[in-house]
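Q: So here's entry-v1.txt, just compact mmCIF, C-alpha atoms:
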# COMPACT_ATOMS: atom_id res chain seq x y z
CA MET E 1 -6.81 -16.87 -2.44
CA LYS E 2 -5.96 -20.41 -1.38
CA ASN E 3 -8.49 -23.23 -1.32
CA ASN E 4 -7.42 -24.45 2.12
CA LYS E 5 -8.77 -21.64 4.26
CA ASN E 6 -7.69 -21.94 7.85
CA ILE E 7 -8.54 -18.80 9.80
CA LEU E 8 -6.70 -17.81 12.97
CA LEU E 9 -8.92 -15.69 15.22
CA SER E 10 -7.94 -13.54 18.17
CA GLY E 11 -10.05 -11.83 20.81
CA PHE E 12 -13.32 -13.64 20.06
CA ASN E 13 -15.37 -15.48 22.68
CA LYS E 14 -16.63 -19.08 22.52
CA LYS E 15 -20.08 -18.10 21.26
CA GLU E 16 -18.68 -15.99 18.43
CA LEU E 17 -16.35 -18.81 17.43
CA SER E 18 -19.26 -21.28 17.44
CA ASP E 19 -21.39 -18.93 15.31
CA PHE E 20 -18.57 -18.56 12.76
CA LYS E 21 -18.21 -22.33 12.48
CA LYS E 22 -21.95 -22.74 11.83
CA LYS E 23 -22.17 -19.89 9.34
CA PHE E 24 -19.00 -20.42 7.29
CA LYS E 25 -18.82 -24.13 6.55
CA ASN E 26 -15.91 -23.83 4.11
CA LEU E 27 -13.67 -22.06 6.61
CA THR E 28 -11.82 -23.74 9.45
CA PHE E 29 -11.36 -21.59 12.54
CA PHE E 30 -8.66 -21.73 15.19
CA GLU E 31 -8.25 -19.71 18.37
CA TYR E 32 -5.02 -17.77 18.62
CA GLU E 33 -5.17 -18.10 22.39
CA ASN E 34 -4.59 -21.86 21.87
CA PHE E 35 -1.95 -21.38 19.20
CA LYS E 36 1.24 -23.19 20.23
CA ASN E 37 3.73 -23.03 17.35
CA SER E 38 1.33 -25.08 15.27
CA LYS E 39 2.40 -26.35 11.85
CA ILE E 40 -1.00 -25.47 10.43
CA ILE E 41 -0.84 -23.12 7.46
CA PHE E 42 -3.21 -20.21 8.02
CA SER E 43 -4.81 -18.31 5.16
CA ALA E 44 -5.94 -15.42 7.33
CA PHE E 45 -5.54 -13.80 10.72
CA VAL E 46 -8.48 -11.80 12.07
CA SER E 47 -8.39 -9.78 15.30
CA LYS E 48 -11.44 -8.43 17.10
CA ASP E 49 -9.67 -5.54 18.82
CA ARG E 50 -6.37 -3.70 18.93
CA LYS E 51 -5.14 -5.41 22.10
CA SER E 52 -5.60 -8.92 20.73
CA PHE E 53 -3.88 -7.95 17.50
CA GLU E 54 -0.88 -6.44 19.27
CA THR E 55 -0.34 -9.62 21.29
CA PHE E 56 -0.23 -11.60 18.06
CA TYR E 57 1.88 -8.98 16.28
CA ASN E 58 4.51 -8.89 19.01
CA ASN E 59 4.78 -12.65 19.45
CA ASP E 60 3.72 -14.74 16.46
CA TYR E 61 3.21 -12.55 13.39
CA GLN E 62 6.60 -13.39 11.89
CA LYS E 63 5.91 -17.13 12.19
CA ILE E 64 2.86 -17.22 9.92
CA LYS E 65 2.95 -14.06 7.79
CA SER E 66 4.43 -15.73 4.68
CA HIS E 67 1.34 -17.91 4.11
CA LEU E 68 -1.34 -15.31 4.83
CA SER E 69 -3.72 -14.19 2.11
CA TRP E 70 -5.54 -11.78 4.40
CA LEU E 71 -4.75 -9.91 7.64
CA HIS E 72 -7.37 -7.88 9.51
CA VAL E 73 -6.39 -5.29 12.11
CA SER E 74 -9.25 -3.99 14.25
CA ALA E 75 -7.89 -0.45 14.39
CA SER E 76 -8.04 2.49 12.01
CA GLY E 77 -4.34 3.40 12.16
CA ILE E 78 -1.72 0.81 11.22
CA ASP E 79 1.39 3.00 11.16
CA ASN E 80 2.39 1.56 14.54
CA TYR E 81 2.93 -1.84 12.92
CA PRO E 82 5.74 -1.36 10.39
CA LYS E 83 6.33 -5.10 9.87
CA ILE E 84 3.01 -5.52 8.06
CA LEU E 85 3.85 -2.75 5.62
CA LYS E 86 7.11 -4.19 4.30
CA LYS E 87 7.43 -6.87 1.62
CA THR E 88 4.13 -8.57 2.40
CA LYS E 89 1.75 -9.88 -0.23
CA PHE E 90 -1.38 -10.45 1.80
CA THR E 91 -4.48 -8.26 1.59
CA LEU E 92 -4.62 -5.90 4.56
CA THR E 93 -7.91 -4.62 6.02
CA ASN E 94 -8.67 -2.49 9.06
CA SER E 95 -11.41 -0.54 10.84
CA LYS E 96 -11.34 2.60 8.73
CA ILE E 97 -14.72 4.08 7.78
CA ILE E 98 -16.64 2.31 10.57
CA GLN E 99 -15.04 4.62 13.16
CA GLY E 100 -16.37 7.63 11.28
CA PRO E 101 -19.46 8.48 13.38
CA GLU E 102 -17.82 8.59 16.79
CA VAL E 103 -14.66 10.35 15.61
CA ALA E 104 -16.74 12.94 13.76
CA ASP E 105 -18.75 13.53 16.95
CA HIS E 106 -15.47 14.03 18.78
CA VAL E 107 -14.27 16.54 16.19
CA PHE E 108 -17.22 18.74 17.04
CA ALA E 109 -16.81 18.14 20.76
CA LEU E 110 -13.29 19.59 20.47
CA LEU E 111 -14.41 22.35 18.12
CA LEU E 112 -17.38 23.46 20.23
CA SER E 113 -15.33 23.45 23.41
CA LEU E 114 -13.16 26.10 21.73
CA THR E 115 -15.83 28.12 19.93
CA ARG E 116 -18.15 28.23 22.97
CA ASN E 117 -15.30 28.84 25.48
CA LEU E 118 -16.22 25.62 27.31
CA ASN E 119 -12.54 24.81 27.67
CA LEU E 120 -12.08 27.91 29.81
CA THR E 121 -15.05 27.37 32.13
CA ILE E 122 -14.19 23.69 32.63
CA LYS E 123 -10.53 24.39 33.35
CA PHE E 124 -10.71 27.66 35.28
CA GLY E 125 -14.24 27.77 36.70
CA HIS E 126 -17.43 29.66 35.92
CA LYS E 127 -16.01 33.05 36.95
CA VAL E 128 -13.26 32.98 34.33
CA LYS E 129 -13.15 35.99 32.02
CA PHE E 130 -13.45 35.22 28.32
CA LEU E 131 -10.73 36.60 26.10
CA LYS E 132 -13.26 36.74 23.27
CA ARG E 133 -16.96 36.17 22.78
CA PRO E 134 -18.13 32.67 21.76
CA ILE E 135 -18.48 32.34 18.00
CA GLU E 136 -21.14 30.72 15.84
CA LEU E 137 -20.31 27.95 13.36
CA LYS E 138 -23.00 28.97 10.89
CA ASP E 139 -21.44 30.17 7.61
CA LYS E 140 -17.90 29.53 8.89
CA LYS E 141 -15.60 27.97 6.30
CA ILE E 142 -14.34 24.51 7.18
CA LEU E 143 -11.67 22.50 5.35
CA ILE E 144 -11.70 18.75 5.97
CA ILE E 145 -8.31 17.26 5.10
CA GLY E 146 -8.81 13.57 4.41
CA PHE E 147 -12.23 12.68 3.03
CA GLY E 148 -12.49 9.02 4.00
CA GLY E 149 -15.00 7.54 6.42
CA ILE E 150 -14.22 10.07 9.15
CA GLY E 151 -14.00 13.08 6.85
CA ARG E 152 -17.32 12.25 5.25
CA CYS E 153 -19.02 11.99 8.65
CA VAL E 154 -17.44 15.30 9.69
CA SER E 155 -18.91 16.91 6.57
CA GLU E 156 -22.39 15.63 7.45
CA ARG E 157 -22.20 17.24 10.86
CA ALA E 158 -20.74 20.46 9.45
CA LYS E 159 -23.69 20.63 7.07
CA GLY E 160 -26.04 20.46 10.06
CA PHE E 161 -24.27 23.45 11.61
CA GLY E 162 -24.70 25.42 8.39
CA MET E 163 -20.99 25.62 7.64
CA ASN E 164 -19.40 26.31 4.26
CA ILE E 165 -17.67 23.00 3.53
CA SER E 166 -14.57 22.20 1.48
CA ALA E 167 -12.48 19.04 1.44
CA LEU E 168 -8.97 18.02 0.47
CA ASN E 169 -8.10 14.42 -0.31
CA LEU E 170 -4.80 12.78 -1.22
CA ASN E 171 -6.50 10.89 -4.05
CA PRO E 172 -9.48 11.75 -6.29
CA CYS E 173 -12.80 10.92 -4.65
CA LYS E 174 -16.49 11.69 -4.87
CA VAL E 175 -17.98 14.25 -2.49
CA PRO E 176 -21.62 15.13 -1.65
CA ASN E 177 -23.10 18.11 -3.48
CA TYR E 178 -23.10 20.18 -0.28
CA VAL E 179 -19.28 20.12 -0.30
CA LYS E 180 -18.52 23.35 -2.17
CA LYS E 181 -15.04 22.39 -3.40
CA LEU E 182 -12.71 19.40 -3.44
CA TYR E 183 -9.01 20.28 -3.45
CA SER E 184 -6.15 18.05 -4.56
CA PHE E 185 -3.00 17.57 -2.48
CA LYS E 186 -1.17 20.00 -4.80
CA GLN E 187 -3.70 22.69 -3.85
CA TYR E 188 -3.10 22.28 -0.10
CA LYS E 189 -1.69 25.73 0.59
CA LYS E 190 -4.31 27.45 -1.55
CA ALA E 191 -7.08 25.54 0.23
CA LEU E 192 -6.00 26.85 3.65
CA SER E 193 -6.01 30.57 2.91
CA ASP E 194 -9.56 31.55 3.87
CA LYS E 195 -10.69 28.70 6.13
CA ASP E 196 -11.96 29.35 9.65
CA VAL E 197 -11.63 25.72 10.72
CA VAL E 198 -9.19 23.06 9.48
CA ILE E 199 -9.72 19.40 10.34
CA TYR E 200 -6.98 16.77 9.90
CA SER E 201 -8.44 13.27 9.45
CA VAL E 202 -5.74 11.66 7.31
CA PRO E 203 -3.71 8.46 7.77
CA LEU E 204 -0.05 8.90 8.66
CA THR E 205 1.90 8.59 5.40
CA LYS E 206 5.08 9.98 3.91
CA LYS E 207 3.00 12.84 2.52
CA THR E 208 1.06 13.63 5.68
CA LYS E 209 3.86 13.48 8.27
CA LYS E 210 4.15 17.01 9.72
CA MET E 211 1.57 18.18 7.20
CA TYR E 212 1.10 21.15 9.51
CA ASN E 213 4.54 22.77 9.76
CA SER E 214 6.17 26.21 9.94
CA LYS E 215 6.00 26.78 6.17
CA VAL E 216 2.41 25.61 5.79
CA SER E 217 1.19 27.46 8.89
CA LYS E 218 1.82 30.79 7.16
CA TYR E 219 -1.00 29.96 4.72
CA PHE E 220 -3.54 29.55 7.53
CA LYS E 221 -6.03 32.35 8.02
CA LYS E 222 -5.22 34.37 11.15
CA GLY E 223 -7.62 33.27 13.87
CA ALA E 224 -8.33 29.85 12.37
CA ILE E 225 -8.98 26.78 14.52
CA LEU E 226 -7.06 23.53 13.97
CA ILE E 227 -8.44 20.10 14.93
CA ASN E 228 -6.39 16.89 14.65
CA VAL E 229 -7.99 13.45 15.11
CA SER E 230 -5.62 11.49 12.88
CA ARG E 231 -2.07 10.93 14.15
CA GLY E 232 0.06 13.16 16.35
CA GLU E 233 2.88 13.17 13.83
CA VAL E 234 0.65 14.90 11.26
CA VAL E 235 1.10 18.15 13.21
CA CYS E 236 4.46 19.70 14.07
CA GLU E 237 3.93 20.42 17.76
CA LYS E 238 6.66 23.05 17.93
CA THR E 239 4.93 25.06 15.21
CA LEU E 240 1.53 24.50 16.79
CA TYR E 241 2.65 25.77 20.19
CA LYS E 242 4.23 28.87 18.66
CA ASN E 243 1.07 29.77 16.72
CA LEU E 244 -1.18 29.20 19.72
CA LYS E 245 1.09 31.19 22.01
CA ASN E 246 1.14 34.21 19.70
CA ASN E 247 -2.60 33.77 18.96
CA TYR E 248 -2.08 33.40 15.23
CA LEU E 249 -4.32 30.37 15.64
CA SER E 250 -7.48 31.08 17.57
CA GLY E 251 -7.38 27.59 19.02
CA ALA E 252 -6.48 23.95 18.54
CA GLY E 253 -8.14 20.71 19.61
CA LEU E 254 -6.13 17.47 19.53
CA ASP E 255 -7.09 13.89 20.28
CA VAL E 256 -3.59 12.72 19.40
CA PHE E 257 -0.07 13.68 20.40
CA ALA E 258 3.21 12.54 18.90
CA LYS E 259 4.56 11.02 22.13
CA ASN E 260 2.28 8.18 23.24
CA ASN E 261 -0.79 10.42 22.92
CA LYS E 262 -0.05 11.84 26.35
CA ILE E 263 0.76 15.30 27.67
CA ASN E 264 2.76 15.71 30.85
CA LYS E 265 1.07 17.78 33.55
CA LYS E 266 3.96 20.21 33.34
CA SER E 267 3.67 20.55 29.57
CA LYS E 268 3.68 24.10 28.24
CA PHE E 269 0.58 23.20 26.21
CA ASN E 270 -1.43 22.85 29.43
CA LYS E 271 -0.86 26.53 30.20
CA LEU E 272 -2.47 27.66 26.95
CA LYS E 273 -6.06 28.89 27.17
CA ASN E 274 -6.73 28.18 23.49
CA PHE E 275 -5.72 24.51 23.53
CA VAL E 276 -7.83 21.39 24.17
CA PHE E 277 -6.52 17.83 24.38
CA THR E 278 -8.11 14.41 24.82
CA PRO E 279 -6.01 11.22 25.20
CA HIS E 280 -6.83 9.40 21.96
CA ILE E 281 -10.43 8.58 22.88
CA ALA E 282 -12.21 9.77 19.72
CA SER E 283 -12.71 6.24 18.36
CA ILE E 284 -14.51 4.92 21.46
CA SER E 285 -18.31 4.63 21.33
CA ASP E 286 -21.26 2.44 22.28
CA ASN E 287 -22.07 1.39 18.70
CA PHE E 288 -18.58 0.78 17.34
CA ILE E 289 -18.63 -2.87 18.44
CA ILE E 290 -21.76 -3.47 16.36
CA ARG E 291 -20.20 -2.00 13.23
CA ASN E 292 -16.92 -3.80 13.88
CA ASP E 293 -18.65 -7.18 14.23
CA LYS E 294 -20.59 -6.61 11.00
CA LEU E 295 -17.43 -5.68 9.09
CA ILE E 296 -15.66 -8.84 10.25
CA LYS E 297 -18.63 -11.06 9.37
CA ASP E 298 -19.00 -9.43 5.95
CA ASN E 299 -15.31 -9.95 5.21
CA LEU E 300 -15.35 -13.56 6.41
CA LYS E 301 -18.25 -14.13 4.03
CA ASN E 302 -16.43 -12.42 1.17
CA PHE E 303 -13.22 -14.30 1.93
CA SER E 304 -15.04 -17.64 1.94
CA LYS E 305 -16.49 -16.84 -1.51
CA ASN E 306 -13.30 -15.35 -2.98
CA LYS E 307 -14.95 -11.93 -3.25
CA LYS E 308 -13.39 -8.51 -2.73
CA LEU E 309 -12.86 -7.58 0.91
CA LYS E 310 -14.07 -4.36 2.53
CA ASN E 311 -11.74 -1.71 3.97
CA VAL E 312 -8.67 -2.79 2.02
CA ILE E 313 -5.55 -0.73 2.81
CA THR E 314 -3.02 0.30 0.17
CA LYS E 315 0.31 -0.31 1.88
CA LYS E 316 2.78 1.31 -0.48
CA ASN E 317 2.32 4.92 0.69
CA LEU E 318 2.22 4.24 4.39
CA ILE E 319 5.13 4.80 6.73
For this file, write the structure as structure tokens.
A:
Amino acid sequence: MKNNKNILLSGFNKKELSDFKKKFKNLTFFEYENFKNSKIIFSAFVSKDRKSFETFYNNDYQKIKSHLSWLHVSASGIDNYPKILKKTKFTLTNSKIIQGPEVADHVFALLLSLTRNLNLTIKFGHKVKFLKRPIELKDKKILIIGFGGIGRCVSERAKGFGMNISALNLNPCKVPNYVKKLYSFKQYKKALSDKDVVIYSVPLTKKTKKMYNSKVSKYFKKGAILINVSRGEVVCEKTLYKNLKNNYLSGAGLDVFAKNNKINKKSKFNKLKNFVFTPHIASISDNFIIRNDKLIKDNLKNFSKNKKLKNVITKKNLI
């Protein structure tokens, strides 16, 4: 990393900027909000939230990208920003891992709304007739696809419910001893065969795009529940609708949808009794800001001392 470390910040208030200046004497900070085609060479750009990053990305990213050593995006998914994935040499970090607790909570909110028939009572009233009795999660087999920060937190909660836990990860990784089996990507179809619940918590990559499709769906256990909290494009919605309509899947809970994470009121999905959708709100929580601030401070400290940054993203496999 370069010796002259000018840091361009976006989304931070005056107090935060003042604290950074006091704490990191060997870094020089500038506010993006006051950035006017400056000739200053910046070593890093750090955003506090997605909105502030997108303003920079859409207006000034191209102007300073060639000199950057580090770019931080305060969001877990970066597939919406293709420019930062092509022919760039800087180190890229994001908010993966630290969003694990709230997204894992949301996974079980979606799952329990299906297993306890809450989706029916909320949508159709307390007199609605259940098509099936509520089911218990204890001893049910769950497969967590993507064992990063979110997947690990999902496994912790699944353990509390007494579930039989397996995981599948795109790359080799360590799993807690309560995870019964870790599958490789090549074992994907085999891993699905006897699972009662399948969770998708993977980044959107060339390998994971439409990871749930017509061919793969045949390997799902009849009556399984699918939960997707990653990216809408991970699930083929045409296949999903078909398998919910014919009840091959017992249910599905999605926090993401391929088209702007929105479902039209007239959507055929809304007529399904075994489908639950939330508009991409899984990553919102009261404590996320605390973890986000700590991550940024830790990485500013590491950057100032030429140490390895946290939450580094490997760009080559991403779309």
Q: Edge lengths and centre, in Å to one decimal, as AutoDock Vina command-line options: that's what I need for the box along x, y and z that holds all listed atoms of range 278-297 of chain E plus 8 Å on each side.
A:
--center_x -14.0 --center_y 1.7 --center_z 17.1 --size_x 32.1 --size_y 41.5 --size_z 32.1
Q: With a distance cut-off of 12 Å and all atoms listed in the file, select the neighbouring residues of Leu8 in chain E, excluding the residue or stretch itself and same-chain residues fewer than 2 positions from it, and output the selection as a VMD selection string.
A: chain E and resid 5 to 6 10 to 12 17 20 27 to 35 38 40 to 48 52 to 53 56 60 to 61 64 to 65 67 to 72 300
Q: When you draw a straight line from CA of Leu170 in chain E to CA of Phe275 in chain E, how long is it in Å?
A: 27.4 Å
Q: Which of these, E:Lys189, E:Lys210, E:Lys266, E:Arg231, has the shortest distance to Gly77 in chain E once you count all atoms listed in the file?
A: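 The shortest atom-to-atom distance to Gly77 in chain E comes from E:Arg231.
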Q: Which polymer residues have any atom within 9 Å of an atom of Ser166 in chain E, counting only C-alpha atoms, with same-chain residues fewer than 2 positions away left out, as a list in words?
A: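 Near Ser166 in chain E, the qualifying residues are Lys141, Ile142, Leu143, Ile144, Ile145, Ser155, Asn164, Leu168, Tyr178, Val179, Lys180, Lys181, Leu182, Tyr183, Ala191 and Lys195 of chain E.
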Q: When you count all atoms listed in the file, which of these residues is closest to Asn292 in chain E: E:Ser18, E:Asn59, E:Asn26, E:Gln99?
A: E:Gln99
Q: Please compute the CA of Asp255 in chain E-CA of Ala282 in chain E distance, one decimal, in Å.
A: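 So the two atoms, CA of Asp255 in chain E and CA of Ala282 in chain E, lie 6.6 Å apart.
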Q: Suppose you want the space between CA of Leu226 in chain E and CA of Val198 in chain E; what is it in Å?
A: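 Between these atoms lies a distance of 5.0 Å.
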Q: Need the neighbours of (-0.8, 29.9, 26.6): which residues are at most 10 Å away, counting all atoms listed in the file, as a count of residues only?
A: 14
Q: Looking at all atoms listed in the file, which of E:Tyr200, E:Tyr212, E:Phe277, E:Phe147 is the one that sits closest to Pro176 in chain E?
A: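 For Pro176 in chain E, the nearest of the candidates is E:Phe147.
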Q: Excluding Asn243 in chain E and its own-chain neighbours fewer than 4 positions away, which residues fall within 12 Å of it when counting all atoms listed in the file? Please give them as JSON, numbers by chain.
A: {"E": [212, 213, 214, 216, 217, 218, 220, 221, 222, 223, 224, 225, 226, 236, 237, 238, 239, 247, 248, 249, 250, 251, 252, 269, 272, 274, 275]}
Q: May I ask which of the residues E:Ser193, E:Ser201, E:Thr314, E:Asn171 is the closest one to His106 in chain E, counting all atoms listed in the file?
A: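 With all atoms listed in the file as the atom set, the closest residue is E:Ser201.
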Q: With all atoms listed in the file as the basis for distance, which of E:Lys301, E:Lys83, E:Lys209, E:Lys14 is at the shortest distance from Val235 in chain E?
A: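 Using all atoms listed in the file, Val235 in chain E sits closest to E:Lys209.
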Q: As a PDB file, keeping the file's coordinate frame, could you write out range 161-186 of chain E once it has been completed with N, CA and C atoms?
A:
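For reference, part-v6.pdb as written:
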ATOM      1  N   PHE E 161     -24.579  22.179  10.945  1.00  0.00           N
ATOM      2  CA  PHE E 161     -24.270  23.450  11.610  1.00  0.00           C
ATOM      3  C   PHE E 161     -24.316  24.627  10.637  1.00  0.00           C
ATOM      4  N   GLY E 162     -24.604  24.345   9.375  1.00  0.00           N
ATOM      5  CA  GLY E 162     -24.700  25.420   8.390  1.00  0.00           C
ATOM      6  C   GLY E 162     -23.369  25.984   7.959  1.00  0.00           C
ATOM      7  N   MET E 163     -22.323  25.163   8.007  1.00  0.00           N
ATOM      8  CA  MET E 163     -20.990  25.620   7.640  1.00  0.00           C
ATOM      9  C   MET E 163     -20.761  25.553   6.134  1.00  0.00           C
ATOM     10  N   ASN E 164     -19.813  26.330   5.661  1.00  0.00           N
ATOM     11  CA  ASN E 164     -19.400  26.310   4.260  1.00  0.00           C
ATOM     12  C   ASN E 164     -18.273  25.293   4.133  1.00  0.00           C
ATOM     13  N   ILE E 165     -18.537  24.176   3.453  1.00  0.00           N
ATOM     14  CA  ILE E 165     -17.670  23.000   3.530  1.00  0.00           C
ATOM     15  C   ILE E 165     -16.809  22.811   2.282  1.00  0.00           C
ATOM     16  N   SER E 166     -15.507  22.605   2.524  1.00  0.00           N
ATOM     17  CA  SER E 166     -14.570  22.200   1.480  1.00  0.00           C
ATOM     18  C   SER E 166     -13.807  20.978   1.981  1.00  0.00           C
ATOM     19  N   ALA E 167     -13.237  20.226   1.056  1.00  0.00           N
ATOM     20  CA  ALA E 167     -12.480  19.040   1.440  1.00  0.00           C
ATOM     21  C   ALA E 167     -11.202  18.960   0.616  1.00  0.00           C
ATOM     22  N   LEU E 168     -10.212  18.299   1.179  1.00  0.00           N
ATOM     23  CA  LEU E 168      -8.970  18.020   0.470  1.00  0.00           C
ATOM     24  C   LEU E 168      -8.659  16.547   0.674  1.00  0.00           C
ATOM     25  N   ASN E 169      -8.406  15.845  -0.420  1.00  0.00           N
ATOM     26  CA  ASN E 169      -8.100  14.420  -0.310  1.00  0.00           C
ATOM     27  C   ASN E 169      -6.829  14.108  -1.082  1.00  0.00           C
ATOM     28  N   LEU E 170      -6.069  13.132  -0.582  1.00  0.00           N
ATOM     29  CA  LEU E 170      -4.800  12.780  -1.220  1.00  0.00           C
ATOM     30  C   LEU E 170      -5.020  12.176  -2.599  1.00  0.00           C
ATOM     31  N   ASN E 171      -6.164  11.506  -2.769  1.00  0.00           N
ATOM     32  CA  ASN E 171      -6.500  10.890  -4.050  1.00  0.00           C
ATOM     33  C   ASN E 171      -7.874  11.386  -4.501  1.00  0.00           C
ATOM     34  N   PRO E 172      -8.160  11.326  -5.797  1.00  0.00           N
ATOM     35  CA  PRO E 172      -9.480  11.750  -6.290  1.00  0.00           C
ATOM     36  C   PRO E 172     -10.586  10.953  -5.606  1.00  0.00           C
ATOM     37  N   CYS E 173     -11.682  11.614  -5.280  1.00  0.00           N
ATOM     38  CA  CYS E 173     -12.800  10.920  -4.650  1.00  0.00           C
ATOM     39  C   CYS E 173     -14.090  11.696  -4.929  1.00  0.00           C
ATOM     40  N   LYS E 174     -15.206  11.044  -4.693  1.00  0.00           N
ATOM     41  CA  LYS E 174     -16.490  11.690  -4.870  1.00  0.00           C
ATOM     42  C   LYS E 174     -16.897  12.364  -3.560  1.00  0.00           C
ATOM     43  N   VAL E 175     -17.510  13.540  -3.678  1.00  0.00           N
ATOM     44  CA  VAL E 175     -17.980  14.250  -2.490  1.00  0.00           C
ATOM     45  C   VAL E 175     -19.454  14.594  -2.658  1.00  0.00           C
ATOM     46  N   PRO E 176     -20.205  14.728  -1.563  1.00  0.00           N
ATOM     47  CA  PRO E 176     -21.620  15.130  -1.650  1.00  0.00           C
ATOM     48  C   PRO E 176     -21.747  16.515  -2.268  1.00  0.00           C
ATOM     49  N   ASN E 177     -22.922  16.824  -2.800  1.00  0.00           N
ATOM     50  CA  ASN E 177     -23.100  18.110  -3.480  1.00  0.00           C
ATOM     51  C   ASN E 177     -23.040  19.299  -2.526  1.00  0.00           C
ATOM     52  N   TYR E 178     -23.192  19.063  -1.225  1.00  0.00           N
ATOM     53  CA  TYR E 178     -23.100  20.180  -0.280  1.00  0.00           C
ATOM     54  C   TYR E 178     -21.642  20.554   0.021  1.00  0.00           C
ATOM     55  N   VAL E 179     -20.694  19.745  -0.414  1.00  0.00           N
ATOM     56  CA  VAL E 179     -19.280  20.120  -0.300  1.00  0.00           C
ATOM     57  C   VAL E 179     -18.962  21.057  -1.460  1.00  0.00           C
ATOM     58  N   LYS E 180     -18.654  22.310  -1.147  1.00  0.00           N
ATOM     59  CA  LYS E 180     -18.520  23.350  -2.170  1.00  0.00           C
ATOM     60  C   LYS E 180     -17.354  23.103  -3.107  1.00  0.00           C
ATOM     61  N   LYS E 181     -16.228  22.589  -2.572  1.00  0.00           N
ATOM     62  CA  LYS E 181     -15.040  22.390  -3.400  1.00  0.00           C
ATOM     63  C   LYS E 181     -14.199  21.254  -2.867  1.00  0.00           C
ATOM     64  N   LEU E 182     -13.650  20.462  -3.787  1.00  0.00           N
ATOM     65  CA  LEU E 182     -12.710  19.400  -3.440  1.00  0.00           C
ATOM     66  C   LEU E 182     -11.333  19.787  -3.970  1.00  0.00           C
ATOM     67  N   TYR E 183     -10.370  19.918  -3.072  1.00  0.00           N
ATOM     68  CA  TYR E 183      -9.010  20.280  -3.450  1.00  0.00           C
ATOM     69  C   TYR E 183      -8.144  19.029  -3.590  1.00  0.00           C
ATOM     70  N   SER E 184      -7.140  19.104  -4.452  1.00  0.00           N
ATOM     71  CA  SER E 184      -6.150  18.050  -4.560  1.00  0.00           C
ATOM     72  C   SER E 184      -5.006  18.347  -3.594  1.00  0.00           C
ATOM     73  N   PHE E 185      -4.128  17.383  -3.394  1.00  0.00           N
ATOM     74  CA  PHE E 185      -3.000  17.570  -2.480  1.00  0.00           C
ATOM     75  C   PHE E 185      -2.107  18.730  -2.943  1.00  0.00           C
ATOM     76  N   LYS E 186      -1.994  18.922  -4.255  1.00  0.00           N
ATOM     77  CA  LYS E 186      -1.170  20.000  -4.800  1.00  0.00           C
ATOM     78  C   LYS E 186      -1.748  21.371  -4.474  1.00  0.00           C
TER      79      LYS E 186
END
